[in-house]
Every structure is written in structure tokens, then in C-alpha cells.
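*Asks:* Data file model23.txt (compact mmCIF, C-alpha atoms) is appended below.
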```txt
# COMPACT_ATOMS: atom_id res chain seq x y z
CA MET A 868 59.13 174.34 100.96
CA HIS A 869 56.93 174.60 104.05
CA GLY A 870 59.10 176.91 106.11
CA THR A 871 61.96 179.32 106.08
CA SER A 872 64.48 176.91 107.62
CA TRP A 873 65.52 173.36 106.96
CA VAL A 874 68.08 170.68 107.76
CA THR A 875 70.42 169.42 105.07
CA ALA A 876 72.76 166.46 104.70
CA ASN A 877 75.01 165.06 102.01
CA VAL A 878 77.72 162.43 101.56
CA LEU A 879 81.19 163.55 100.49
CA ARG A 880 83.74 161.23 102.08
CA ASN A 881 82.32 157.72 101.78
CA ASN A 882 80.06 157.74 98.71
CA PRO A 883 81.41 154.35 97.52
CA ALA A 884 79.94 152.73 100.65
CA PHE A 885 76.46 153.32 99.23
CA LYS A 886 75.78 151.34 96.05
CA ASP A 887 73.04 153.58 94.63
CA GLN A 888 74.30 157.15 94.48
CA THR A 889 70.91 158.49 93.38
CA ASP A 890 68.78 157.13 96.22
CA PRO A 891 68.91 158.82 99.66
CA LYS A 892 67.00 156.00 101.37
CA PRO A 893 70.04 153.75 102.08
CA PHE A 894 71.80 156.79 103.54
CA MET A 895 68.88 157.51 105.86
CA ASN A 896 68.60 153.83 106.74
CA GLU A 897 72.21 153.77 107.94
CA TYR A 898 72.07 156.93 110.00
CA VAL A 899 68.54 156.93 111.47
CA CYS A 900 67.58 153.25 110.99
CA GLU A 901 64.60 154.07 108.80
CA SER A 902 64.18 154.62 105.07
CA GLU A 903 60.49 155.29 104.54
CA TYR A 904 59.60 158.97 104.43
CA GLN A 905 56.18 158.42 105.96
CA VAL A 906 57.72 156.74 109.01
CA LEU A 907 60.49 159.35 109.26
CA SER A 908 57.85 162.06 109.45
CA LYS A 909 56.36 160.33 112.50
CA ILE A 910 59.61 159.94 114.42
CA MET A 911 61.65 162.94 113.24
CA ASN A 912 58.80 165.31 112.38
CA VAL A 913 60.43 166.14 109.06
CA GLU A 914 59.62 165.53 105.43
CA PRO A 915 61.93 165.65 102.42
CA ALA A 916 61.81 168.84 100.41
CA THR A 917 63.02 169.31 96.88
CA HIS A 918 66.69 170.04 96.36
CA GLY A 919 66.77 173.74 97.15
CA LEU A 920 63.77 175.52 95.66
CA ARG A 921 63.67 173.71 92.30
CA PRO A 922 60.74 171.24 92.09
CA ASP A 923 62.47 169.06 89.49
CA ALA A 924 65.83 168.84 91.25
CA MET A 925 65.24 165.40 92.85
CA LYS A 926 65.17 163.88 89.36
CA HIS A 927 68.91 164.48 89.17
CA TYR A 928 69.81 163.96 92.85
CA THR A 929 73.03 162.22 93.90
CA LEU A 930 74.36 161.65 97.42
CA ASP A 931 77.04 164.33 97.18
CA GLU A 932 74.33 166.97 96.79
CA TYR A 933 72.43 168.44 99.71
CA LEU A 934 69.09 166.86 100.54
CA TYR A 935 66.72 169.24 102.30
CA TRP A 936 64.39 168.30 105.15
CA THR A 937 61.72 170.63 106.50
CA ARG A 938 59.77 170.49 109.74
CA ARG A 939 56.46 168.75 109.15
CA ASP A 940 54.48 170.71 111.71
CA SER A 941 54.97 172.46 115.02
CA LYS A 942 51.96 170.73 116.56
CA LYS A 943 52.07 167.44 118.42
CA LEU A 944 50.96 164.37 116.54
CA ARG A 945 47.44 163.21 117.26
CA PHE A 946 47.24 159.72 118.73
CA PRO A 947 46.03 158.11 115.46
CA GLU A 948 49.05 159.66 113.71
CA LEU A 949 51.61 158.03 116.01
CA LEU A 950 53.54 154.93 115.08
CA HIS A 951 52.08 151.83 116.70
CA ARG A 952 53.83 151.09 119.96
CA PRO A 953 55.53 147.83 118.79
CA THR A 954 56.89 149.65 115.72
CA LEU A 955 58.24 152.51 117.81
CA GLU A 956 59.81 150.16 120.35
CA LYS A 957 61.51 148.15 117.63
CA TRP A 958 62.96 151.36 116.20
CA LEU A 959 64.19 152.50 119.62
CA TYR A 960 65.83 149.15 120.34
CA THR A 961 67.42 149.19 116.86
CA ILE A 962 68.90 152.63 117.56
CA PHE A 963 70.15 151.50 120.97
CA LEU A 964 71.77 148.32 119.63
CA LYS A 965 73.32 150.15 116.68
CA ILE A 966 74.95 152.69 119.01
CA THR A 967 76.16 150.17 121.58
CA ILE A 968 77.17 147.27 119.29
CA PRO A 969 77.92 148.75 115.85
CA TYR A 970 78.85 146.40 113.04
CA HIS A 971 82.50 145.61 112.35
CA ARG A 972 84.08 148.21 110.03
CA LYS A 973 87.47 148.56 108.37
CA PHE A 974 89.29 151.76 109.24
CA ALA A 975 92.41 151.37 107.09
CA GLY A 976 93.63 150.02 103.78
CA PRO A 977 92.32 150.57 100.25
CA ALA A 978 88.68 150.70 101.40
CA TRP A 979 89.17 153.68 103.72
CA ASP A 980 86.74 155.76 101.62
CA LYS A 981 83.96 153.25 102.39
CA THR A 982 84.32 153.57 106.15
CA VAL A 983 81.10 154.69 107.81
CA TYR A 984 81.65 156.50 111.08
CA SER A 985 79.73 155.56 114.22
CA PRO A 986 80.39 158.54 116.51
CA LEU A 987 77.33 158.46 118.77
CA ASN A 988 77.22 157.46 122.43
CA ILE A 989 74.32 156.49 124.66
CA THR A 990 73.39 160.10 125.54
CA THR A 991 71.72 160.08 122.11
CA ILE A 992 69.05 157.78 123.55
CA PHE A 993 67.93 160.40 126.06
CA ARG A 994 67.84 163.13 123.42
CA VAL A 995 65.68 160.91 121.20
CA ILE A 996 63.33 160.13 124.11
CA MET A 997 62.86 163.84 124.82
CA HIS A 998 62.22 164.55 121.14
CA LEU A 999 59.64 161.77 120.82
CA HIS A 1000 57.73 162.96 123.88
CA GLU A 1001 57.61 166.47 122.40
CA LEU A 1002 56.04 164.94 119.29
CA GLY A 1003 53.29 163.39 121.38
CA TYR A 1004 54.43 159.85 122.16
CA PRO A 1005 53.10 158.73 125.56
CA ALA A 1006 55.42 158.84 128.55
CA HIS A 1007 54.62 155.26 129.55
CA TRP A 1008 55.73 154.00 126.12
CA LEU A 1009 59.06 155.80 126.37
CA GLY A 1010 59.52 155.04 130.05
CA GLY A 1011 58.80 151.37 129.40
CA PHE A 1012 61.57 151.22 126.83
CA LEU A 1013 64.03 152.94 129.18
CA SER A 1014 63.07 150.68 132.09
CA SER A 1015 63.74 147.55 130.01
CA VAL A 1016 67.20 148.74 128.99
CA LEU A 1017 68.05 149.84 132.53
CA GLY A 1018 66.94 146.44 133.81
CA GLY A 1019 69.48 144.70 131.57
CA LYS A 1020 66.98 142.59 129.60
CA ILE A 1021 65.15 143.64 126.46
CA THR A 1022 62.44 141.69 124.65
CA THR A 1023 62.35 142.63 120.99
CA ASN A 1024 62.52 141.52 117.38
CA ALA A 1025 65.22 144.14 116.74
CA ARG A 1026 68.82 142.95 116.42
CA PRO A 1027 72.29 144.45 116.51
CA PRO A 1028 73.34 145.44 112.98
CA ARG A 1029 74.71 142.75 110.67
CA SER A 1030 75.72 145.02 107.79
CA CYS A 1031 77.35 148.39 107.23
CA PRO A 1032 75.88 150.48 105.80
CA LEU A 1033 72.78 148.99 107.37
CA THR A 1034 70.75 147.56 104.51
CA ILE A 1035 67.07 148.25 104.07
CA SER A 1036 66.36 144.53 103.58
CA GLU A 1037 68.02 143.70 106.90
CA LEU A 1038 66.00 146.27 108.76
CA LYS A 1039 62.73 145.08 107.22
CA GLN A 1040 63.39 141.42 107.91
CA GLN A 1041 60.88 139.95 110.32
CA ARG A 1042 62.74 138.16 113.11
CA PRO A 1043 61.28 136.35 116.11
CA VAL A 1044 60.95 138.13 119.41
CA ARG A 1045 63.95 137.37 121.59
CA VAL A 1046 65.00 138.19 125.14
CA MET A 1047 68.53 139.65 125.02
CA SER A 1048 70.90 140.74 127.73
CA VAL A 1049 72.26 144.30 127.57
CA SER A 1050 73.90 144.06 130.99
CA PRO A 1051 77.32 145.40 129.84
CA PHE A 1052 75.67 148.79 129.17
CA VAL A 1053 73.50 149.03 132.29
CA ALA A 1054 76.08 150.67 134.59
CA GLU A 1055 76.57 153.59 132.23
CA MET A 1056 72.89 153.77 131.25
CA GLN A 1057 71.90 154.00 134.92
CA THR A 1058 74.47 156.72 135.56
CA GLN A 1059 73.39 158.71 132.53
CA ALA A 1060 69.70 158.20 133.30
CA ALA A 1061 70.22 159.70 136.76
CA ILE A 1062 72.06 162.66 135.20
CA TRP A 1063 69.48 163.21 132.48
CA MET A 1064 66.38 162.55 134.60
CA PRO A 1065 65.91 166.22 135.65
CA LEU A 1066 65.75 167.11 131.95
CA LEU A 1067 63.21 164.49 130.93
CA PRO A 1068 59.81 166.03 130.15
CA PHE A 1069 57.94 163.37 132.13
CA GLY A 1070 58.19 161.70 135.50
CA PHE A 1071 60.53 158.73 135.54
CA ALA A 1072 61.86 156.99 138.64
CA PRO A 1073 62.77 153.34 137.97
CA PRO A 1074 64.37 151.32 140.76
CA GLY A 1075 68.14 150.96 140.84
CA LEU A 1076 69.17 154.41 139.62
CA PRO A 1077 72.14 155.83 141.53
CA ASN A 1078 71.73 158.96 143.61
CA LEU A 1079 73.37 162.02 142.07
CA HIS A 1080 75.43 162.31 145.27
CA ASP A 1081 77.00 158.92 144.43
CA ILE A 1082 78.08 159.76 140.86
CA TYR A 1083 81.74 160.77 140.60
CA LEU A 1084 84.18 161.86 137.93
CA TYR A 1085 86.81 159.13 137.67
CA THR A 1086 90.22 159.29 136.05
CA LEU A 1087 91.70 156.07 134.75
CA CYS A 1088 95.29 155.47 133.75
CA LEU A 1089 95.66 154.10 130.22
CA LYS A 1090 98.60 151.85 129.45
CA ASP A 1091 100.48 151.78 126.12
CA VAL A 1092 97.81 153.44 123.99
CA ARG A 1093 98.19 152.86 120.25
CA TYR A 1094 98.89 155.98 118.21
CA PHE A 1095 97.39 154.93 114.87
CA TYR A 1096 94.00 156.15 113.56
CA ASN A 1097 93.17 157.99 116.75
CA ASN A 1098 91.20 160.57 114.79
CA PHE A 1099 88.35 158.14 114.09
CA PRO A 1100 85.50 158.55 116.66
CA HIS A 1101 85.33 154.83 117.32
CA PHE A 1102 86.32 154.21 120.94
CA VAL A 1103 84.77 152.78 124.06
CA LEU A 1104 86.21 152.27 127.52
CA VAL A 1105 85.83 148.66 128.63
CA PHE A 1106 86.13 146.98 132.02
CA ILE A 1107 86.45 143.18 132.03
CA ASN A 1108 86.54 140.72 134.91
CA ASN A 1109 89.38 138.40 133.91
CA ASP A 1110 88.10 135.78 136.33
CA LEU A 1111 85.19 135.28 133.90
CA PHE A 1112 86.93 136.01 130.60
CA LYS A 1113 87.78 132.97 128.47
CA GLU A 1114 90.63 132.94 125.97
CA ASP A 1115 88.43 131.46 123.24
CA THR A 1116 86.37 134.67 123.02
CA LYS A 1117 87.34 135.98 119.60
CA THR A 1118 86.37 139.64 119.81
CA LEU A 1119 84.71 141.95 122.27
CA ARG A 1120 81.71 142.31 119.95
CA GLU A 1121 81.08 138.56 120.01
CA ALA A 1122 81.19 138.68 123.79
CA LEU A 1123 78.57 141.45 123.79
CA LEU A 1124 76.19 139.86 121.29
CA ASP A 1125 73.24 138.01 122.77
CA ASP A 1126 71.49 137.28 119.48
CA GLU A 1127 71.63 134.23 117.19
CA THR A 1128 75.21 135.09 116.15
CA GLY A 1129 76.76 135.68 119.58
CA ASN A 1130 78.54 133.40 122.01
CA SER A 1131 75.94 131.31 123.84
CA SER A 1132 77.75 129.02 126.27
CA ALA A 1133 77.04 129.26 129.99
CA SER A 1134 80.41 130.93 130.62
CA ASP A 1135 79.79 133.46 127.84
CA LYS A 1136 76.39 134.33 129.28
CA ARG A 1137 77.87 134.80 132.72
CA LEU A 1138 80.59 137.04 131.30
CA ARG A 1139 77.92 139.21 129.63
CA GLU A 1140 75.82 139.34 132.78
CA GLU A 1141 78.55 139.94 135.35
CA GLY A 1142 81.93 140.52 133.76
CA ILE A 1143 81.81 143.39 131.22
CA ILE A 1144 81.11 147.10 131.67
CA VAL A 1145 81.19 149.36 128.62
CA VAL A 1146 81.48 153.15 128.90
CA SER A 1147 80.86 155.25 125.81
CA VAL A 1148 80.77 158.73 127.38
CA PHE A 1149 84.27 159.78 128.37
CA GLU A 1150 86.91 162.43 127.77
CA TRP A 1151 90.23 161.50 126.22
CA THR A 1152 92.50 162.87 123.51
CA ASN A 1153 95.56 161.39 121.88
CA THR A 1154 98.12 164.02 122.83
CA ILE A 1155 101.05 162.88 124.93
CA ARG A 1156 99.92 165.11 127.80
CA ASP A 1157 96.36 163.80 127.83
CA ILE A 1158 97.41 160.16 127.48
CA ALA A 1159 99.57 160.65 130.57
CA GLN A 1160 96.60 162.15 132.41
CA GLY A 1161 94.33 159.26 131.47
CA VAL A 1162 90.67 159.05 130.52
CA ARG A 1163 87.89 160.77 132.51
CA PHE A 1164 84.31 159.54 132.88
CA TRP A 1165 81.28 159.70 135.18
CA LEU A 1166 80.10 156.56 136.94
CA SER A 1167 78.31 155.50 140.09
CA SER A 1168 80.65 154.87 143.02
CA SER A 1169 78.85 151.59 143.78
CA VAL A 1170 79.90 150.22 140.35
CA VAL A 1171 83.54 151.22 140.79
CA ASP A 1172 83.68 150.04 144.41
CA LYS A 1173 82.35 146.65 143.34
CA MET A 1174 85.15 146.30 140.78
CA LEU A 1175 87.75 147.33 143.36
CA MET A 1176 86.51 144.85 145.96
CA GLY A 1177 85.96 141.69 143.96
CA GLY A 1178 87.30 139.94 140.89
CA GLU A 1179 90.32 140.54 138.71
CA TRP A 1180 88.98 143.57 136.87
CA VAL A 1181 91.06 145.18 134.16
CA SER A 1182 90.39 148.15 131.88
CA ALA A 1183 91.38 149.05 128.34
CA LEU A 1184 90.46 151.36 125.51
CA TYR A 1185 88.77 149.46 122.67
CA ARG A 1186 87.90 150.36 119.11
CA ASN A 1187 84.29 149.71 118.14
CA ASP A 1188 85.09 149.49 114.43
CA SER A 1189 87.61 146.62 114.53
CA TRP A 1190 86.49 145.64 118.06
CA MET A 1191 90.13 145.16 119.06
CA SER A 1192 91.88 146.74 122.05
CA HIS A 1193 93.55 150.09 121.43
CA SER A 1194 95.59 149.99 124.62
CA ASP A 1195 97.07 147.38 126.89
CA SER A 1196 94.87 146.32 129.77
CA CYS A 1197 95.70 147.53 133.23
CA PRO A 1198 94.30 146.42 136.59
CA VAL A 1199 91.47 148.38 138.16
CA LYS A 1200 92.97 149.51 141.45
CA ASP A 1201 93.17 152.62 143.61
CA GLY A 1202 96.01 155.02 143.00
CA PRO A 1203 97.72 157.13 140.32
CA GLU A 1204 98.45 154.08 138.17
CA GLY A 1205 94.88 152.83 138.43
CA ILE A 1206 91.58 154.63 138.99
CA GLN A 1207 91.15 157.87 140.93
CA ARG A 1208 87.92 159.41 142.19
CA GLY A 1209 87.37 163.13 141.66
CA GLU A 1210 84.44 165.54 141.95
CA ARG A 1211 80.85 164.52 142.54
CA TRP A 1212 78.33 165.27 139.79
CA ILE A 1213 76.03 167.05 142.23
CA ASP A 1214 78.81 169.44 143.26
CA ILE A 1215 79.67 170.32 139.66
CA ARG A 1216 75.99 170.87 138.86
CA ASN A 1217 75.48 173.11 141.90
CA MET A 1218 78.50 175.20 140.93
CA ALA A 1219 77.07 175.62 137.43
CA GLU A 1220 73.76 176.81 138.84
```
Using the file provided, produce a representation of the structure as C-alpha cells.
*Replies:*
Amino acid sequence: MHGTSWVTANVLRNNPAFKDQTDPKPFMNEYVCESEYQVLSKIMNVEPATHGLRPDAMKHYTLDEYLYWTRRDSKKLRFPELLHRPTLEKWLYTIFLKITIPYHRKFAGPAWDKTVYSPLNITTIFRVIMHLHELGYPAHWLGGFLSSVLGGKITTNARPPRSCPLTISELKQQRPVRVMSVSPFVAEMQTQAAIWMPLLPFGFAPPGLPNLHDIYLYTLCLKDVRYFYNNFPHFVLVFINNDLFKEDTKTLREALLDDETGNSSASDKRLREEGIIVVSVFEWTNTIRDIAQGVRFWLSSSVVDKMLMGGEWVSALYRNDSWMSHSDSCPVKDGPEGIQRGERWIDIRNMAE
């Protein structure tokens, strides 16, 4: 061991999801989108230690035992030690796509013990960016990645996941560079970027970010929320412009995908570009009282005002495991049965200070 503290992880609930119980690499591949220890040391600044303090323990390791990770070094990486920029960008885009468009998963039935949770939201991206800069990755690399996502178009050979758990072979497959739309996530990314920008350890001021004075806490009425499997952290709040939505769209995930497997007609592309807004950061619980109060989230007023003024926008709670709606859709309109504007972010922040 190289230090007096370490991070540990093990698998207790869904061991059957991982075919090889003695190899931690598929587990790491699923949860951090990387399986090689040398690469992990350059993006997480950790290295695997032996199981506890026994040097021979890894010979008998299984996933239900704790795997120990120690900090590699407290110093920043020297430039030659960094991942090459294309490799880092592919990893960042893979993380982003895995959080925003996770692979279809079963949440019920006989295979419940193979369900892999996907509980993260897009605030994880900003935490990762801050961590990478602390390791020594240049600000213009990280800012370039953020700017691409915030602009709604990414150019990458990364893809949304096509397996769960994410297989090592899938992640290592060399795919052609492709321009993909991530427009459904831009509204929330811009809002969160404006909120997180004061915390970023480098200057970052891309065009189009909302002013903190224009970010409000909204409350949205939910209609006929389902009561089954609400304890799984697999929900997103979705706004859809029904004027652009076509009945032949099979699932929300297919509507979001802009890779080789997604819907590619002109109407599908327009729906992705103009007719879907996905919010992953929100507050909602499944008690009767909280369902009656609705779901609360932060968003720029310009985004909400645009929905109120044009198009037949509706909202619903969706699962991002089955990618089916978890509530009935209700129209986006002003009032207690629609969407209500509350406090401004800047006022809440000033009170906290």
C-alpha cells in the first residue's frame, strides 16, 4: 500500500450480471468506462492495491470482495504522462453518452439480480472536469469538450452504450468519427454549466450560457405517476413537442440516438434538434404528498418561456432503464396544474453566502 487511506468497491447485489466473478476489469469498465489499470491511473489518479494488506490476496479475488484503490500521487501529472488528447476526449464523450443515454435494462422479473443501476446525472460531468484539471489536463482540452457538448454537436468515435454491463470489446472497438446531435441535453447542460462555472478551476465563458439571474426553480405537476419500482434511480424528466413527435417512434431512447442505430429520417432529426428536452437533475419522491406537489428543477427562463409560447409541449416522467413513460403526459402551461416559476438561483445562492 502506498498510503494510509484508500477507496474500496465490491459487488453484492448484481454479481450474475458479470460473467467472470474473478476479474474486476469488466466491473470497472461498466462503472468508469475503462478497464486498463494504466489508463485508470491517468484519469482517476489511482492504482489497484492488493486486497487489504496481503500481497497474495488478488490470486483468490472475487467481485463480492473489496478491491482496494490507492492514490497514485499527490502531484500533477507531467505533460508526457497525460493521456493523448483524442483518447481523453473519447473517454469524456463515452462518459457523457453513458450518463445521458444509458443502455436498455430490465428492472423486474427473474433477472432482477442482474440489473445494473445507472444513478448518475449530468452534474457528474462537471465534477470529472474539475478532477481532470487538478491532475494536470489543460484547460483548453477540457473547455473544448464542454463547448462541443454545449453547442449541441459532438464529433467523436465514441458511441452511446450498446451493452450492459458495458463490455470491454465494445469499448475498444474502433468506430469511425461521427458528428452526433446532443441537442436534447443542451438546455440542462447550459443551465448546469452556468451554475457550476464559478466552481471551475479555469476560465470558461462559452457563448449561449444563461445568466444566473435568469435561472429559476420550477415546479411541474406530474399526472398519474406509476407506483411500481419507484426505488430504482432510473428517472429523467422529459419535455416533448408533440407537433414534431411521430407515432412511429418506438422508444424515447431511439428518438435520442443519433448514431448508426438511431432514427435517421428528416422528421426524427428535427425532433432531436428542436422537440426534446431532457432534465436529469430534479427533486421528486414517490410519496403521495410529494407527487401532489410535483417535481422541482432548475432551468433557464428562456427555455421554459419558449415552450410556453410555441408548440404543443408536454412533459412526463420517463424511466431510463426501460425508456418508457412513468407518468401520463401533461401540457406545459402556466398555473398550478402545469409549470410554476419559483425562486431565482442567484437569490438562493446569495442567501447561502
*Asks:* Excluding segment 981-995 of chain A and its own-chain neighbours fewer than 3 positions away, which residues fall within 10 Å of it when counting all atoms listed in the file? Please give them as a ChimeraX atom specification.
*Replies:* /A:880-885,897-898,910-911,959-960,962-967,969-970,972-975,977-978,998-1001,1009,1013,1031-1032,1052,1055-1056,1059-1060,1063-1064,1066-1067,1099-1103,1146-1149,1187-1188
*Asks:* Write out as a PyMOL selection string each polymer residue whose atoms come within 10 Å of Pro1074 of chain A, counting all atoms listed in the file; drop sequence neighbours fewer than 2 positions from it.
*Replies:* chain A and resi 1014+1017-1018+1057+1071-1072+1076-1077
*Asks:* To one decimal place, how far is atom CA of Ala1122 of chain A from atom CA of Arg1163 of chain A in Å?
*Replies:*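 Separation between atom CA of Ala1122 of chain A and atom CA of Arg1163 of chain A: 24.7 Å.
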*Asks:* What is the distance, in Å and to one decimal place, between atom CA of Glu1037 of chain A and atom CA of Ser902 of chain A?
*Replies:*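 Separation between atom CA of Glu1037 of chain A and atom CA of Ser902 of chain A: 11.7 Å.
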*Asks:* Which residues of segment 959-1065 of chain A come within 9 Å of segment 940-951 of chain A, and what is each one's closest atom pair and distance in Å (one decimal), counting only C-alpha atoms, sorted by chain and residue number, as a Markdown table?
*Replies:*
```
| residue | atom | partner | partner_atom | distance |
| --- | --- | --- | --- | --- |
| A:Glu1001 | CA | A:Lys943 | CA | 6.9 |
| A:Leu1002 | CA | A:Lys943 | CA | 4.8 |
| A:Gly1003 | CA | A:Lys943 | CA | 5.2 |
| A:Tyr1004 | CA | A:Leu949 | CA | 7.0 |
```
*Asks:* Find the residue from A:Ala1183, A:Met895, A:Val1199, A:Leu1124 that sits nearest to Pro1027 of chain A; use all atoms listed in the file when measuring.
*Replies:* A:Leu1124
*Asks:* Determine the nearest neighbour of Val1162 of chain A from the options A:Thr875, A:Thr1118, A:Thr1086, A:Asn1108, counting only C-alpha atoms.
*Replies:*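 Nearest to Val1162 of chain A: A:Thr1086.
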*Asks:* Figure out the distance between atom CA of Leu879 of chain A and atom CA of Tyr1096 of chain A, please, to one decimal in Å.
*Replies:* 19.7 Å
*Asks:* With all atoms listed in the file as the basis for distance, which of A:Thr889, A:Thr1034, A:Ser872, A:Thr961 is at the shortest distance from Tyr935 of chain A?
*Replies:*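 Between A:Thr889, A:Thr1034, A:Ser872, A:Thr961, the residue approaching Tyr935 of chain A most closely is A:Ser872.
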